[in-house]
>>> print(open('coords-v1.cif').read())   # mmCIF, C-alpha atoms
data_model
#
loop_
_atom_site.label_atom_id
_atom_site.label_comp_id
_atom_site.auth_asym_id
_atom_site.auth_seq_id
_atom_site.Cartn_x
_atom_site.Cartn_y
_atom_site.Cartn_z
CA MET A 1 -5.43 10.85 19.87
CA LYS A 2 -6.24 13.82 17.65
CA ILE A 3 -4.82 13.89 14.14
CA VAL A 4 -1.67 16.00 13.79
CA GLU A 5 -1.02 17.81 10.50
CA LEU A 6 2.45 18.19 9.09
CA ASN A 7 3.17 20.77 6.38
CA VAL A 8 5.62 19.76 3.68
CA ARG A 9 7.06 22.08 1.02
CA SER A 10 8.32 20.53 -2.22
CA HIS A 11 10.74 22.32 -4.54
CA LYS A 12 10.77 20.16 -7.69
CA ARG A 13 8.21 18.34 -9.83
CA CYS A 14 9.31 14.96 -8.39
CA GLU A 15 10.94 14.74 -5.00
CA MET A 16 11.20 12.43 -1.99
CA ILE A 17 11.20 14.42 1.25
CA ASP A 18 12.41 12.74 4.46
CA ILE A 19 9.84 13.27 7.24
CA THR A 20 11.26 10.70 9.70
CA ALA A 21 12.55 13.29 12.19
CA GLU A 22 9.18 15.08 12.30
CA ILE A 23 7.39 11.81 13.02
CA GLY A 24 9.87 11.06 15.82
CA ARG A 25 9.21 14.51 17.30
CA ILE A 26 5.41 14.03 17.19
CA LEU A 27 5.78 10.58 18.79
CA ARG A 28 7.76 12.08 21.70
CA GLU A 29 5.32 14.96 22.16
CA LYS A 30 2.24 12.73 22.15
CA GLU A 31 3.91 10.07 24.33
CA LEU A 32 2.39 7.08 22.53
CA ARG A 33 3.79 3.96 24.23
CA ASN A 34 2.41 1.06 22.15
CA GLY A 35 0.39 1.16 18.98
CA THR A 36 0.47 2.34 15.40
CA ILE A 37 1.02 5.58 13.52
CA THR A 38 -0.96 6.04 10.30
CA LEU A 39 0.43 8.59 7.84
CA TYR A 40 -2.04 9.82 5.24
CA THR A 41 -1.67 12.35 2.44
CA PRO A 42 -4.89 14.10 1.32
CA HIS A 43 -3.40 14.78 -2.14
CA THR A 44 -3.93 12.76 -5.35
CA THR A 45 -0.55 13.42 -7.00
CA ALA A 46 1.59 12.58 -3.99
CA ALA A 47 2.23 9.53 -1.79
CA ILE A 48 3.94 8.22 1.35
CA THR A 49 6.61 5.51 1.30
CA ILE A 50 9.30 3.90 3.43
CA ASN A 51 12.72 3.33 1.91
CA GLU A 52 16.47 3.70 2.41
CA ASN A 53 17.74 6.72 4.36
CA ALA A 54 21.47 6.12 3.97
CA ASP A 55 22.64 6.65 0.35
CA PRO A 56 20.84 9.56 -1.40
CA ASP A 57 21.56 7.81 -4.73
CA VAL A 58 18.72 5.41 -3.84
CA LEU A 59 16.25 8.32 -3.88
CA HIS A 60 17.62 9.49 -7.23
CA ASP A 61 17.24 6.00 -8.68
CA MET A 62 13.73 5.58 -7.27
CA LEU A 63 12.47 8.84 -8.79
CA TYR A 64 14.26 8.10 -12.07
CA GLY A 65 12.95 4.52 -12.14
CA LEU A 66 9.37 5.64 -11.41
CA SER A 67 9.57 8.25 -14.19
CA LYS A 68 10.72 5.61 -16.68
CA LEU A 69 7.98 3.28 -15.43
CA VAL A 70 5.19 5.85 -15.84
CA PRO A 71 6.13 8.36 -18.56
CA LEU A 72 3.78 11.01 -19.88
CA ASP A 73 1.81 9.48 -22.75
CA PRO A 74 0.13 11.13 -25.76
CA GLN A 75 -2.98 9.02 -25.11
CA PHE A 76 -3.57 10.56 -21.69
CA GLN A 77 -6.78 12.65 -21.78
CA HIS A 78 -6.69 14.55 -18.46
CA ALA A 79 -6.27 18.20 -19.41
CA GLU A 80 -4.00 19.09 -16.49
CA GLY A 81 -1.27 16.96 -18.08
CA ASN A 82 -0.28 15.27 -14.81
CA SER A 83 -1.80 11.80 -15.21
CA ASP A 84 1.65 10.26 -14.64
CA ALA A 85 1.57 11.79 -11.15
CA HIS A 86 -1.89 10.35 -10.40
CA ILE A 87 -0.73 6.87 -11.45
CA LYS A 88 2.45 7.11 -9.35
CA GLY A 89 0.31 8.26 -6.41
CA SER A 90 -1.82 5.11 -6.53
CA LEU A 91 1.17 2.81 -7.17
CA ILE A 92 3.07 4.06 -4.10
CA GLY A 93 -0.10 4.72 -2.08
CA ALA A 94 -1.63 7.51 -0.03
CA SER A 95 -0.76 6.04 3.36
CA GLU A 96 1.77 4.10 5.42
CA ILE A 97 1.42 2.46 8.81
CA LEU A 98 4.26 2.45 11.33
CA LEU A 99 4.58 0.40 14.52
CA VAL A 100 5.46 1.73 17.99
CA GLU A 101 6.56 -0.32 20.99
CA ALA A 102 7.78 0.94 24.39
CA GLY A 103 7.66 4.46 22.97
CA LYS A 104 10.02 3.62 20.11
CA LEU A 105 9.29 3.85 16.39
CA GLN A 106 9.90 0.37 14.91
CA LEU A 107 11.77 1.33 11.74
CA GLY A 108 14.50 -0.88 10.31
CA THR A 109 18.12 0.29 10.50
CA TRP A 110 18.13 1.67 6.97
CA GLN A 111 14.52 2.85 6.78
CA GLY A 112 13.30 6.42 6.55
CA VAL A 113 9.77 7.74 5.92
CA TYR A 114 9.29 9.82 2.79
CA PHE A 115 6.67 12.18 1.44
CA CYS A 116 6.68 11.59 -2.34
CA GLU A 117 5.93 14.62 -4.49
CA PHE A 118 4.99 13.74 -8.08
CA ASP A 119 3.57 17.07 -9.29
CA GLY A 120 5.39 19.86 -7.45
CA PRO A 121 6.59 22.27 -6.46
CA ARG A 122 3.68 22.69 -4.04
CA SER A 123 2.72 23.19 -0.43
CA ARG A 124 1.49 19.81 0.89
CA ARG A 125 0.13 18.16 4.02
CA VAL A 126 0.44 14.83 5.82
CA LYS A 127 -2.19 13.76 8.36
CA ILE A 128 -0.72 11.74 11.23
CA LYS A 129 -2.90 9.57 13.47
CA LEU A 130 -1.41 7.93 16.56
CA SER A 131 -3.45 4.99 17.91
CA GLU A 132 -2.80 3.03 21.12
CA SER A 133 -3.29 -0.74 20.88
CA MET B 1 -0.46 -6.69 22.30
CA LYS B 2 3.34 -6.89 21.99
CA ILE B 3 4.83 -7.07 18.51
CA VAL B 4 5.76 -10.60 17.42
CA GLU B 5 8.76 -11.09 15.13
CA LEU B 6 8.79 -13.70 12.42
CA ASN B 7 12.07 -14.80 10.84
CA VAL B 8 12.01 -15.53 7.12
CA ARG B 9 14.85 -17.10 5.13
CA SER B 10 14.98 -16.41 1.37
CA HIS B 11 16.95 -18.61 -1.03
CA LYS B 12 16.92 -16.66 -4.32
CA ARG B 13 17.37 -13.04 -5.40
CA CYS B 14 13.60 -12.67 -5.98
CA GLU B 15 11.12 -14.87 -4.18
CA MET B 16 7.60 -14.79 -2.73
CA ILE B 17 7.44 -16.73 0.54
CA ASP B 18 4.03 -17.79 1.89
CA ILE B 19 3.72 -16.76 5.56
CA THR B 20 -0.04 -17.33 5.89
CA ALA B 21 0.29 -20.40 8.15
CA GLU B 22 2.63 -18.57 10.54
CA ILE B 23 0.19 -15.68 10.84
CA GLY B 24 -2.64 -18.14 11.56
CA ARG B 25 -0.51 -19.75 14.29
CA ILE B 26 0.28 -16.37 15.91
CA LEU B 27 -3.40 -15.40 15.78
CA ARG B 28 -4.36 -18.61 17.63
CA GLU B 29 -1.60 -18.19 20.24
CA LYS B 30 -2.48 -14.55 20.96
CA GLU B 31 -6.24 -15.21 20.92
CA LEU B 32 -7.19 -11.98 19.19
CA ARG B 33 -10.98 -12.03 18.72
CA ASN B 34 -11.75 -8.87 16.74
CA GLY B 35 -9.37 -6.37 15.27
CA THR B 36 -6.52 -5.98 12.80
CA ILE B 37 -3.13 -7.52 12.18
CA THR B 38 -0.47 -5.20 10.79
CA LEU B 39 2.47 -6.90 9.04
CA TYR B 40 5.56 -4.74 8.63
CA THR B 41 8.95 -5.51 7.13
CA PRO B 42 11.89 -3.43 8.46
CA HIS B 43 13.84 -3.99 5.21
CA THR B 44 14.13 -1.63 2.21
CA THR B 45 14.53 -4.24 -0.53
CA ALA B 46 11.62 -6.44 0.50
CA ALA B 47 7.85 -6.08 0.84
CA ILE B 48 4.64 -7.73 2.02
CA THR B 49 1.72 -8.54 -0.29
CA ILE B 50 -1.48 -10.55 -0.49
CA ASN B 51 -2.14 -12.62 -3.60
CA GLU B 52 -3.20 -16.01 -4.94
CA ASN B 53 -2.22 -19.11 -2.95
CA ALA B 54 -3.60 -21.76 -5.34
CA ASP B 55 -1.57 -21.94 -8.57
CA PRO B 56 2.20 -21.42 -8.05
CA ASP B 57 2.38 -20.17 -11.65
CA VAL B 58 0.85 -16.90 -10.39
CA LEU B 59 3.90 -16.33 -8.17
CA HIS B 60 6.21 -17.06 -11.11
CA ASP B 61 4.33 -14.59 -13.30
CA MET B 62 4.27 -11.93 -10.60
CA LEU B 63 8.04 -12.07 -10.02
CA TYR B 64 8.70 -12.24 -13.77
CA GLY B 65 6.29 -9.35 -14.44
CA LEU B 66 7.83 -7.19 -11.70
CA SER B 67 11.33 -7.85 -13.07
CA LYS B 68 10.24 -6.77 -16.56
CA LEU B 69 8.53 -3.74 -15.03
CA VAL B 70 11.60 -2.62 -13.08
CA PRO B 71 14.77 -3.85 -14.81
CA LEU B 72 18.26 -2.86 -13.76
CA ASP B 73 19.17 0.35 -15.60
CA PRO B 74 22.58 1.76 -16.59
CA GLN B 75 21.47 5.17 -15.27
CA PHE B 76 21.04 3.89 -11.70
CA GLN B 77 23.67 5.50 -9.46
CA HIS B 78 23.37 3.53 -6.19
CA ALA B 79 26.66 1.64 -5.86
CA GLU B 80 25.13 -1.51 -4.35
CA GLY B 81 23.49 -2.24 -7.71
CA ASN B 82 20.11 -3.14 -6.21
CA SER B 83 18.02 -0.06 -7.01
CA ASP B 84 15.49 -2.26 -8.79
CA ALA B 85 14.84 -3.97 -5.45
CA HIS B 86 14.33 -0.62 -3.66
CA ILE B 87 11.79 0.46 -6.29
CA LYS B 88 9.92 -2.87 -6.11
CA GLY B 89 9.88 -2.54 -2.32
CA SER B 90 8.08 0.81 -2.48
CA LEU B 91 5.72 -0.30 -5.28
CA ILE B 92 4.51 -3.36 -3.34
CA GLY B 93 4.88 -1.68 0.06
CA ALA B 94 6.44 -2.41 3.45
CA SER B 95 3.20 -3.36 5.18
CA GLU B 96 -0.18 -5.06 4.87
CA ILE B 97 -3.18 -4.92 7.15
CA LEU B 98 -5.39 -7.97 7.75
CA LEU B 99 -8.82 -8.12 9.39
CA VAL B 100 -9.87 -10.50 12.16
CA GLU B 101 -13.44 -11.25 13.28
CA ALA B 102 -14.62 -13.84 15.81
CA GLY B 103 -11.04 -15.10 16.00
CA LYS B 104 -10.87 -15.78 12.26
CA LEU B 105 -8.48 -14.23 9.76
CA GLN B 106 -10.61 -12.56 7.07
CA LEU B 107 -8.70 -13.67 3.97
CA GLY B 108 -10.47 -14.37 0.68
CA THR B 109 -10.74 -17.97 -0.54
CA TRP B 110 -7.74 -17.66 -2.86
CA GLN B 111 -5.65 -15.25 -0.81
CA GLY B 112 -2.34 -15.97 0.88
CA VAL B 113 0.07 -13.57 2.59
CA TYR B 114 3.54 -13.31 1.09
CA PHE B 115 6.90 -11.95 2.15
CA CYS B 116 8.45 -10.58 -1.06
CA GLU B 117 12.23 -10.87 -1.34
CA PHE B 118 13.73 -8.62 -4.03
CA ASP B 119 17.45 -8.76 -3.11
CA GLY B 120 18.13 -12.16 -1.56
CA PRO B 121 19.13 -14.64 -0.51
CA ARG B 122 19.03 -13.18 3.00
CA SER B 123 17.76 -13.68 6.50
CA ARG B 124 14.76 -11.37 6.97
CA ARG B 125 12.17 -10.34 9.55
CA VAL B 126 8.47 -9.44 9.63
CA LYS B 127 7.04 -7.50 12.58
CA ILE B 128 3.48 -8.51 13.41
CA LYS B 129 1.21 -6.28 15.51
CA LEU B 130 -2.19 -7.57 16.65
CA SER B 131 -4.63 -4.83 17.69
CA GLU B 132 -8.09 -5.28 19.22
CA SER B 133 -10.80 -2.95 17.93
CA MET C 1 -17.07 -2.70 15.56
CA LYS C 2 -18.20 -5.59 13.37
CA ILE C 3 -16.93 -5.74 9.79
CA VAL C 4 -19.42 -4.42 7.22
CA GLU C 5 -19.46 -5.97 3.75
CA LEU C 6 -20.08 -3.91 0.66
CA ASN C 7 -21.07 -5.59 -2.60
CA VAL C 8 -19.63 -4.11 -5.79
CA ARG C 9 -20.63 -5.06 -9.32
CA SER C 10 -18.13 -4.44 -12.13
CA HIS C 11 -19.15 -4.24 -15.78
CA LYS C 12 -15.83 -4.26 -17.68
CA ARG C 13 -12.53 -6.14 -17.48
CA CYS C 14 -10.81 -3.07 -15.95
CA GLU C 15 -12.78 -0.47 -14.07
CA MET C 16 -12.45 1.95 -11.16
CA ILE C 17 -15.70 2.12 -9.17
CA ASP C 18 -16.27 5.05 -6.79
CA ILE C 19 -17.33 3.73 -3.36
CA THR C 20 -16.85 7.00 -1.43
CA ALA C 21 -20.58 7.62 -0.89
CA GLU C 22 -21.11 4.09 0.49
CA ILE C 23 -18.26 4.56 2.97
CA GLY C 24 -19.77 7.89 4.07
CA ARG C 25 -23.13 6.18 4.60
CA ILE C 26 -21.57 3.36 6.70
CA LEU C 27 -19.65 5.95 8.75
CA ARG C 28 -22.89 7.80 9.57
CA GLU C 29 -24.76 4.58 10.40
CA LYS C 30 -22.04 3.27 12.70
CA GLU C 31 -21.43 6.68 14.29
CA LEU C 32 -17.66 6.33 14.54
CA ARG C 33 -16.36 9.60 16.05
CA ASN C 34 -12.56 9.21 15.97
CA GLY C 35 -10.48 6.44 14.51
CA THR C 36 -9.68 4.63 11.27
CA ILE C 37 -11.56 2.79 8.56
CA THR C 38 -9.76 -0.14 6.95
CA LEU C 39 -11.02 -1.18 3.51
CA TYR C 40 -10.01 -4.67 2.41
CA THR C 41 -10.81 -6.62 -0.73
CA PRO C 42 -10.74 -10.43 -0.39
CA HIS C 43 -10.03 -10.82 -4.13
CA THR C 44 -6.63 -11.37 -5.80
CA THR C 45 -7.34 -9.61 -9.12
CA ALA C 46 -8.77 -6.43 -7.64
CA ALA C 47 -7.56 -3.63 -5.36
CA ILE C 48 -8.55 -0.52 -3.42
CA THR C 49 -7.10 2.93 -4.09
CA ILE C 50 -7.64 6.62 -3.39
CA ASN C 51 -7.41 9.09 -6.26
CA GLU C 52 -9.07 12.04 -7.99
CA ASN C 53 -12.88 12.22 -7.99
CA ALA C 54 -13.29 15.34 -10.13
CA ASP C 55 -12.28 14.72 -13.77
CA PRO C 56 -13.27 11.23 -15.04
CA ASP C 57 -10.40 11.47 -17.55
CA VAL C 58 -8.04 10.74 -14.64
CA LEU C 59 -9.67 7.33 -14.19
CA HIS C 60 -9.37 6.64 -17.92
CA ASP C 61 -5.69 7.57 -17.85
CA MET C 62 -5.01 5.50 -14.73
CA LEU C 63 -6.55 2.34 -16.21
CA TYR C 64 -4.84 2.97 -19.56
CA GLY C 65 -1.50 3.69 -17.86
CA LEU C 66 -1.72 0.56 -15.70
CA SER C 67 -2.53 -1.57 -18.76
CA LYS C 68 0.52 -0.22 -20.61
CA LEU C 69 2.60 -0.78 -17.47
CA VAL C 70 1.53 -4.42 -17.04
CA PRO C 71 0.56 -5.88 -20.42
CA LEU C 72 -0.25 -9.55 -20.97
CA ASP C 73 3.01 -11.36 -21.74
CA PRO C 74 3.64 -14.56 -23.72
CA GLN C 75 5.96 -15.74 -20.92
CA PHE C 76 3.16 -15.77 -18.33
CA GLN C 77 2.46 -19.38 -17.28
CA HIS C 78 -0.76 -19.08 -15.24
CA ALA C 79 -3.40 -20.92 -17.27
CA GLU C 80 -6.25 -18.53 -16.42
CA GLY C 81 -4.53 -15.86 -18.53
CA ASN C 82 -5.05 -13.09 -15.98
CA SER C 83 -1.59 -12.69 -14.49
CA ASP C 84 -1.62 -9.00 -15.44
CA ALA C 85 -4.58 -8.59 -13.08
CA HIS C 86 -2.75 -10.34 -10.22
CA ILE C 87 0.27 -8.06 -10.66
CA LYS C 88 -1.90 -4.92 -10.78
CA GLY C 89 -3.67 -6.14 -7.64
CA SER C 90 -0.41 -6.30 -5.69
CA LEU C 91 0.91 -3.02 -7.13
CA ILE C 92 -2.20 -1.05 -6.07
CA GLY C 93 -2.80 -3.17 -2.97
CA ALA C 94 -5.65 -5.06 -1.32
CA SER C 95 -6.38 -2.42 1.33
CA GLU C 96 -6.56 1.27 2.17
CA ILE C 97 -6.80 3.00 5.51
CA LEU C 98 -8.87 6.16 6.00
CA LEU C 99 -8.87 8.57 8.96
CA VAL C 100 -11.93 9.82 10.84
CA GLU C 101 -12.07 12.77 13.23
CA ALA C 102 -15.13 14.31 14.91
CA GLY C 103 -17.29 11.96 12.84
CA LYS C 104 -15.86 13.23 9.54
CA LEU C 105 -14.00 11.23 6.90
CA GLN C 106 -10.61 12.92 6.42
CA LEU C 107 -10.38 12.80 2.62
CA GLY C 108 -8.66 15.53 0.64
CA THR C 109 -10.78 17.90 -1.46
CA TRP C 110 -10.16 15.96 -4.67
CA GLN C 111 -9.97 12.46 -3.22
CA GLY C 112 -12.41 9.63 -3.79
CA VAL C 113 -12.14 5.96 -2.78
CA TYR C 114 -12.15 3.43 -5.60
CA PHE C 115 -12.63 -0.29 -5.94
CA CYS C 116 -10.28 -1.33 -8.77
CA GLU C 117 -11.48 -4.19 -10.95
CA PHE C 118 -8.70 -5.76 -13.04
CA ASP C 119 -10.40 -8.99 -14.20
CA GLY C 120 -14.12 -8.29 -14.51
CA PRO C 121 -16.94 -8.17 -15.06
CA ARG C 122 -17.63 -9.83 -11.72
CA SER C 123 -19.54 -9.56 -8.47
CA ARG C 124 -17.07 -8.38 -5.80
CA ARG C 125 -16.88 -7.53 -2.11
CA VAL C 126 -15.13 -4.99 0.10
CA LYS C 127 -14.74 -5.63 3.84
CA ILE C 128 -14.95 -2.45 5.91
CA LYS C 129 -13.64 -2.31 9.48
CA LEU C 130 -14.27 0.78 11.61
CA SER C 131 -11.95 1.11 14.61
CA GLU C 132 -12.11 3.73 17.37
CA SER C 133 -8.78 5.15 18.54
#
>>> encode(input="coords-v1.cif", output="structure tokens")
Amino acid sequence: MKIVELNVRSHKRCEMIDITAEIGRILREKELRNGTITLYTPHTTAAITINENADPDVLHDMLYGLSKLVPLDPQFQHAEGNSDAHIKGSLIGASEILLVEAGKLQLGTWQGVYFCEFDGPRSRRVKIKLSES
Amino acid sequence: MKIVELNVRSHKRCEMIDITAEIGRILREKELRNGTITLYTPHTTAAITINENADPDVLHDMLYGLSKLVPLDPQFQHAEGNSDAHIKGSLIGASEILLVEAGKLQLGTWQGVYFCEFDGPRSRRVKIKLSES
Amino acid sequence: MKIVELNVRSHKRCEMIDITAEIGRILREKELRNGTITLYTPHTTAAITINENADPDVLHDMLYGLSKLVPLDPQFQHAEGNSDAHIKGSLIGASEILLVEAGKLQLGTWQGVYFCEFDGPRSRRVKIKLSES
């Protein structure tokens, strides 16, 4: 199936944006029965992850924890001053793969899919590839 | 092919459980010749990774290193007190993809596949999708 | 399609080696029109990632940042003394998935694909699986 592009708008420097509902909508429109969905961000200071969708405090703690883990550092040389965001991007990763069976997205009870912004606010994209298998 | 579910039982808060043999067994039963195997955990405080299967000290050092990397923090707000486990889950990632050729799992000599428990002990699941390609 | 193997030679202990051009060449040779490319390293002290291909300072900062994040630690027990490399391997991950549409690799403007060496110098391999879908 052709790649679908999803536009995402971030409003802070670091933010986790829930895109689960959009993926569910695309799955219904494309009528994939069995296979995989690959989510891919073409940006180098952003990422895709799967994590808890119930208590928003988890998202706060994840962004706070990642910022403590990878602070800005005086030894960074990249002139744009966003090397922390590049490192977070590679730690979390540019893609996620989801499973589909009998037309249903196989997420766990507490799982949501998140676009991770590490150098916003910006206008961003996610490429979504549905594959039958 | 239909998704296969593997049950995994953890016995500590943090633990790496070798599931390589189970994946080999499923591959033989399903008779996939060429393609990929996607491993996916539906949990938000666990992960899947590939690492050394020879010296168990590597697993000790990995769990110890991850715990130093992401300690519990007084600024965490999530009431369950397991935000470190959520962060580790997203750092390691909810899925792994393995390659299969001529019916053989394409692991490196020293590689094993591990279910990573970050908030056990619990009863857990791994969803396994075999795809021909 | 059959797995293609790419040989990579690292020259330092930690190094990010751009393999984007090689992947483009394999894509043209194999004439994949629509689908995915899975990149997989069979090593446990290396990884694959996608990040900026414009300013080489980003690569410097990423390697420096990862080394600050996961230093060698006197509590590590693995006798080879490279547990930091094993941890970095699992944090960045053994594989990446790329999208292909109309014969074109769907990378972002600033994205390149990197083999990450964390315990070189060594002779390394990347397994590349092209799948139509």
>>> resolve_selection(input="coords-v1.cif", expression="the PyMOL selection byres ((chain C and resi 79) around 12)", output="PDB file with C-alpha atoms, in the coordinates of the input")
ATOM      1  CA  ALA B  54      -3.600 -21.760  -5.340  1.00  0.00           C
ATOM      2  CA  ASP B  55      -1.570 -21.940  -8.570  1.00  0.00           C
ATOM      3  CA  PRO B  56       2.200 -21.420  -8.050  1.00  0.00           C
ATOM      4  CA  ASP B  57       2.380 -20.170 -11.650  1.00  0.00           C
ATOM      5  CA  VAL B  58       0.850 -16.900 -10.390  1.00  0.00           C
ATOM      6  CA  ASP B  61       4.330 -14.590 -13.300  1.00  0.00           C
TER       7      ASP B  61
ATOM      8  CA  PRO C  74       3.640 -14.560 -23.720  1.00  0.00           C
ATOM      9  CA  GLN C  75       5.960 -15.740 -20.920  1.00  0.00           C
ATOM     10  CA  PHE C  76       3.160 -15.770 -18.330  1.00  0.00           C
ATOM     11  CA  GLN C  77       2.460 -19.380 -17.280  1.00  0.00           C
ATOM     12  CA  HIS C  78      -0.760 -19.080 -15.240  1.00  0.00           C
ATOM     13  CA  GLU C  80      -6.250 -18.530 -16.420  1.00  0.00           C
ATOM     14  CA  GLY C  81      -4.530 -15.860 -18.530  1.00  0.00           C
ATOM     15  CA  ASN C  82      -5.050 -13.090 -15.980  1.00  0.00           C
ATOM     16  CA  SER C  83      -1.590 -12.690 -14.490  1.00  0.00           C
TER      17      SER C  83
END
>>> residues_around(input="coords-v1.cif", residues="stretch 123-129 of chain A", least_positions_apart="3", cutoff="8 Å", atoms="only C-alpha atoms", output="PyMOL selection string")
(chain A and resi 1-10+37-43) or (chain C and resi 99)
>>> interface_residues(input="coords-v1.cif", of="chain C", to="chain A", cutoff="9 Å", atoms="all atoms listed in the file", output="short mmCIF file (atom, residue, chain, number, x, y, z; two decimals) with C-alpha atoms, in the frame of the given file")
data_model
loop_
_atom_site.label_atom_id
_atom_site.label_comp_id
_atom_site.auth_asym_id
_atom_site.auth_seq_id
_atom_site.Cartn_x
_atom_site.Cartn_y
_atom_site.Cartn_z
CA ASN C 34 -12.56 9.21 15.97
CA GLY C 35 -10.48 6.44 14.51
CA THR C 36 -9.68 4.63 11.27
CA THR C 49 -7.10 2.93 -4.09
CA ILE C 50 -7.64 6.62 -3.39
CA ASN C 51 -7.41 9.09 -6.26
CA GLU C 52 -9.07 12.04 -7.99
CA ASP C 55 -12.28 14.72 -13.77
CA PRO C 56 -13.27 11.23 -15.04
CA ASP C 57 -10.40 11.47 -17.55
CA VAL C 58 -8.04 10.74 -14.64
CA LEU C 59 -9.67 7.33 -14.19
CA HIS C 60 -9.37 6.64 -17.92
CA ASP C 61 -5.69 7.57 -17.85
CA MET C 62 -5.01 5.50 -14.73
CA LEU C 63 -6.55 2.34 -16.21
CA TYR C 64 -4.84 2.97 -19.56
CA GLY C 65 -1.50 3.69 -17.86
CA LEU C 66 -1.72 0.56 -15.70
CA LEU C 69 2.60 -0.78 -17.47
CA LEU C 91 0.91 -3.02 -7.13
CA ILE C 92 -2.20 -1.05 -6.07
CA GLY C 93 -2.80 -3.17 -2.97
CA GLU C 96 -6.56 1.27 2.17
CA ILE C 97 -6.80 3.00 5.51
CA LEU C 98 -8.87 6.16 6.00
CA LEU C 99 -8.87 8.57 8.96
CA VAL C 100 -11.93 9.82 10.84
CA GLU C 101 -12.07 12.77 13.23
CA GLN C 106 -10.61 12.92 6.42
CA LEU C 107 -10.38 12.80 2.62
CA GLY C 108 -8.66 15.53 0.64
CA THR C 109 -10.78 17.90 -1.46
CA TRP C 110 -10.16 15.96 -4.67
CA GLN C 111 -9.97 12.46 -3.22
CA GLU C 132 -12.11 3.73 17.37
CA SER C 133 -8.78 5.15 18.54
#
>>> atom_distance(input="coords-v1.cif", atom1="atom CA of A:Lys12", atom2="atom CA of A:Ile48")
16.5 Å
>>> closest_residue(input="coords-v1.cif", among="C:His11, C:Tyr114, C:Leu105, C:Arg122", to="C:Arg33", atoms="only C-alpha atoms")
C:Leu105
>>> atom_distance(input="coords-v1.cif", atom1="atom CA of B:Ala47", atom2="atom CA of B:Pro121")
14.2 Å
>>> axis_aligned_box(input="coords-v1.cif", around="stretch 117-124 of chain B", padding_each_side="5 Å", output="AutoDock Vina command-line options")
--center_x 15.7 --center_y -11.6 --center_z 1.5 --size_x 16.9 --size_y 16.0 --size_z 21.0
>>> atom_distance(input="coords-v1.cif", atom1="atom CA of A:Phe115", atom2="atom CA of C:Ile19")
25.9 Å
>>> resolve_selection(input="coords-v1.cif", expression="the PyMOL selection byres ((chain B and resi 13-15) around 6)", output="list of chain:residue names")
B:Lys12, B:Met16, B:Cys116, B:Glu117, B:Phe118, B:Asp119, B:Gly120, B:Pro121
>>> closest_residue(input="coords-v1.cif", among="C:Ile17, C:Ser67, C:Ile26, C:Asn53", to="C:Lys104", atoms="all atoms listed in the file")
C:Ile26
>>> build_atoms(input="coords-v1.cif", residues="stretch 87-98 of chain A", atoms="N, CA and C atoms", output="PDB file, keeping the file's coordinate frame")
ATOM      1  N   ILE A  87      -1.036   8.306 -11.419  1.00  0.00           N
ATOM      2  CA  ILE A  87      -0.730   6.870 -11.450  1.00  0.00           C
ATOM      3  C   ILE A  87       0.349   6.533 -10.407  1.00  0.00           C
ATOM      4  N   LYS A  88       1.410   7.346 -10.357  1.00  0.00           N
ATOM      5  CA  LYS A  88       2.450   7.110  -9.350  1.00  0.00           C
ATOM      6  C   LYS A  88       1.862   7.180  -7.935  1.00  0.00           C
ATOM      7  N   GLY A  89       0.943   8.130  -7.730  1.00  0.00           N
ATOM      8  CA  GLY A  89       0.310   8.260  -6.410  1.00  0.00           C
ATOM      9  C   GLY A  89      -0.362   6.970  -5.978  1.00  0.00           C
ATOM     10  N   SER A  90      -1.126   6.355  -6.899  1.00  0.00           N
ATOM     11  CA  SER A  90      -1.820   5.110  -6.530  1.00  0.00           C
ATOM     12  C   SER A  90      -0.878   3.915  -6.471  1.00  0.00           C
ATOM     13  N   LEU A  91       0.203   3.920  -7.246  1.00  0.00           N
ATOM     14  CA  LEU A  91       1.170   2.810  -7.170  1.00  0.00           C
ATOM     15  C   LEU A  91       1.897   2.810  -5.824  1.00  0.00           C
ATOM     16  N   ILE A  92       2.341   3.976  -5.389  1.00  0.00           N
ATOM     17  CA  ILE A  92       3.070   4.060  -4.100  1.00  0.00           C
ATOM     18  C   ILE A  92       2.072   4.065  -2.944  1.00  0.00           C
ATOM     19  N   GLY A  93       0.957   4.772  -3.101  1.00  0.00           N
ATOM     20  CA  GLY A  93      -0.100   4.720  -2.080  1.00  0.00           C
ATOM     21  C   GLY A  93      -0.161   5.942  -1.189  1.00  0.00           C
ATOM     22  N   ALA A  94      -1.387   6.291  -0.789  1.00  0.00           N
ATOM     23  CA  ALA A  94      -1.630   7.510  -0.030  1.00  0.00           C
ATOM     24  C   ALA A  94      -1.279   7.388   1.444  1.00  0.00           C
ATOM     25  N   SER A  95      -1.014   6.180   1.926  1.00  0.00           N
ATOM     26  CA  SER A  95      -0.760   6.040   3.360  1.00  0.00           C
ATOM     27  C   SER A  95       0.338   5.025   3.663  1.00  0.00           C
ATOM     28  N   GLU A  96       0.871   5.115   4.874  1.00  0.00           N
ATOM     29  CA  GLU A  96       1.770   4.100   5.420  1.00  0.00           C
ATOM     30  C   GLU A  96       1.396   3.910   6.883  1.00  0.00           C
ATOM     31  N   ILE A  97       1.660   2.728   7.395  1.00  0.00           N
ATOM     32  CA  ILE A  97       1.420   2.460   8.810  1.00  0.00           C
ATOM     33  C   ILE A  97       2.745   2.078   9.453  1.00  0.00           C
ATOM     34  N   LEU A  98       3.023   2.713  10.598  1.00  0.00           N
ATOM     35  CA  LEU A  98       4.260   2.450  11.330  1.00  0.00           C
ATOM     36  C   LEU A  98       3.907   1.835  12.682  1.00  0.00           C
TER      37      LEU A  98
END
